[in-house]
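Right, one structure below, let's go through it.
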Amino acid sequence: MTAAASPQKAPLLELRGITKAFPGVLANDRIDLDLLAGEVHALLGENGAGKSTLISILSGMYRPDAGTIRFEGRDVVIDSPRAAIELGIGTVYQHLTLVPTLSVLENLMLGSQSGTGRLDLAGARERFADLARLLGVDFKPGTRAGALALGQQQQVEIMKALWRQGSRVLILDEPTSMLTQQGYEELRRELEHLTAEGLAVVLITHKLHEAIELGDRVSVLRAGRKVGSLAPADLRGRSESELSARIVEMMFGEQASELADAVEVEAAPAAREQPRRRELGPVALAVRGLGLDADDEAVALADVGIEVRAGEIVGIAGVDGNGQREVAELIAGQRRPRAGEIRLFDEDVTRIGVRERERRGLRYVTDDRLEEGTVGDLDVAMNAVLKRIGRAPFWRGGAERRAEIDRFAEDLVARFDVRTPSVRTRVATLSGGNVQKLLLAREFAGKPRVVVFNKPTHGLDVRTAQFVRHQIREAAEGGLAALVISTEVEELVDLCDRIVVMSRGRVTGEVESSAGAEERIGALMVARAESGA
Amino acid sequence: MRARTMRLGEATLIAVVPIVLALVVMGVLLAVLGRDPFTFYADMFQRGLFEWEGFQESIIRSAPLLLIAAGLIVAFRASLWNLGGDGQFLLGAALTAGFAPSLLDSLGVWPMLVITMAIAIAIGGAWTLIPAILRGRYGVNEIITTLMMSFIGIGVANVLVKGPFRTDIGGVARTDLVPFDERLPLLFGTRIHLGFVIGVAAILAVHLLMTRTSLGLRLRVLGASPRAALHAGLSPVRLTVIAFALSGALIGLSGSIEILGVQGSFRADFNPAYGLLVIPLVFLARLNAIGSLVLVIVFSVIQIGGESAARQAEITSDVLLVLVGLMLLFMAVIEYVRVRRGIGTAYVPPEVADRVRPPGGQGGDGGASGVPAGEPRPAVGAGEVGSG
């Protein structure tokens, strides 16, 4: 490990021995971290490695149990979000926090108004202009936040984090998770401008190539510990694959070699298993002319048509929030369409409910694992039978038969390698990857014939994502009709036979998986977004 | 309960601390008012707990409160805030008192008891139907609709008692008195009536319902997340109606046994406001039925003993409301401190915590809006974790 790479520059922010425990988990274990002005420090780790806890400590959301934080050489205590802001530490969370009905400027001022003071509109406009120049944004301060594209909304979030004069540190939590390739390039440019202005940036990510591309310095967390870091000197002049190998070794230790394949997919999406020869069966799922009116929670859909055959994996590509979730919910029966029909094995199921569709072999693996897919405060076993409440053999005459439920859950946990202390453990204490495995195990149990997967690998670490894709492929070999929604185009091209592209609630095109498919999909995703406005 | 996240000791401590603090502060207030707090509390526990007569009073008082607690728990566990308890209680009481005399004449004691209780159950359940449908179908906030229905219910109960149910005897409008011998039977030569048994049975039944049956689990899933319920193929509308109906039925029954066990008739403007009184108790017990059983009895002791002690000390019995107010205040403080420190909620069970305090709520100074993304999801609503 190299200490400060450029000895003439003292770190702006030094974390020493930061420790934070939650019941049953040591989330941060004596972590040391230096942030230097003008540098992007990428923080890399699997789910549950402790990244989020660490930034929550930096932004004043949690207090560490032990350890010190030094800012410009003096000890500081960050005991509240306000304290963090006063030090000039701004945070952009993974989830957007803008009020969609307010203008950009109003959103920005929300965070800075103190007490009952008058709104300083002129000052705010000036600050907006400064930041707009810095970030290269091209929208007006009066635009309604809800009308902006996701990438632009993220720019507003960044402006919000930097809004206070004299911001020194910017924390970005998984900033790329909702960006398209173009958005990613923009973010990269923005980061260059920000560091040129002397800001220290912390970038949280679980993607290897992002950490290498965007970071000037990379630290790797594993199970709450910092297991290694690469200083700028280490990063310069090395090939990406060489760096990947080193980081993978830090992330996974001895198991690194067996993961070589998994990382290949992540780091070099170009190399993939090519031809697939699968016997396609009859049309299992057919969606025709689907229409939906927009409401508080849903975007409108118009004339959506998709067909999936038995044994086929069909993808839905698109920027998040363009109607994919609505399509999935309509197919699952959680919503009723305004127009169109949904057929399962050539039977019209448009009017029947979730349970009846399930009985006919349909499953929906939701992307909202924590609020929709599981009930966090129930244990693993109960979540395993969440969709079978009241049914034999788990319930008899309404009375719970705990032994049956536990046995069923133990079987699922073993088969899908869900890491949990026991099936009586609350799901809320599991990591995202394990919750996803539990969901997959639940939906795969009982021989499904059609499964809709909504972002099945979103937010998962390399290993779990690989496992999930493998499960989907294997099920398709066995005749499953799979519809996979994802925002990661490369993943879809790798996994699917065909890819349907959605934009603004419509299907804008269909692409066969083959070399060069990414560009065509990207074009379909973006072209419409512009012309549709 | 399966999803217990708090050990029994901690749960007990959390329930006891606000009561003790309230008693202490109340003692200071009594001292300021020139009363000796030690005498007051000695009187209170002497009367409410250690004196056989008084203790029976306390048990009698707890009977309707237990049924209300049972009713509230069913709804609250499903994150449905039935605040219309007073209306449901009084309608059950008024209809019972109104029909009891004529049923007694025509059918005798036991048919009268059974029929009046059935009527009370039906009206209590039915009175929740409008809020339930509005909530389930259209998402209308049930806190407002149940409160409004409660006002209407209180009004209707009084109209009935001052109109069709009114007895010919002069004085305050009231229903005919059910003779003492023909009310709910007393237990083993005590003054405690069968209503206490019904109350305890209701609490135990609710406990089993919520922890051991598929319906209970469905209600809890709905309570934790309506989206999860929909995803799991449950019908949120139907479950909402069921939870509300059960809740209202139990509270309506509570009104019935208060008439059949204690009052014997309904006097106009009778309103003990038990419905709202029980709410802090069920939260002190973290919506656990067994815990509520204990707390309701403790509270009944404080009430009965306190009324007597207040008379002795020549002070209005409204001081007991101050005591309840203080208890609520300390509960709020403890809840706030624990959530703030990230220890977990004190009184709102984690299952419904997300619903009570939606994640993403703005912090005190909107500067750092959003939620901390703790990797091990804290049990509190504060931590909706990004799955990345």
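Order determines the names: the first chain of the structure tokens is A, the second B, and so forth; residues in each chain are numbered 1 upward, and ligands are numbered 1 upward as they are shown.
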Shell of 9 Å around Gln303 (chain B), only C-alpha atoms, local chain residues under 6 positions omitted, as a list in words: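 Residues near the query, excluding close chain neighbours: Met44, Gly48, Ser58, Arg61 and Leu320 of chain B.
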Residues near Leu33 (chain A), anyone? I mean within 9 Å using only C-alpha atoms, not counting same-chain ones fewer than 2 positions away, as a ChimeraX atom specification. /A:13-18,31,35,219,226
Can you check which residues of region 60-222 of chain A DSSP gives as alpha helix (DSSP H) on the backbone and send them as a PyMOL selection string? chain A and resi 81-87+104-110+121-135+150-161+181-196+208-214
List the neighbours of region 101-103 of chain B out to 10 Å using only C-alpha atoms; skip same-chain residues closer than 5 positions along the sequence, and give me the result as a list in words. Thr96, Gly108, Val109, Trp110, Pro111, Met112, Leu113, Ile115, Thr116, Phe165, Thr175, Asp176, Leu177, Val178, Pro179, Glu182, Gly264 and Ser265 of chain B
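Separating CA of Leu321 (chain B) from CA of Leu194 (chain B) is a distance of 28.0 Å.
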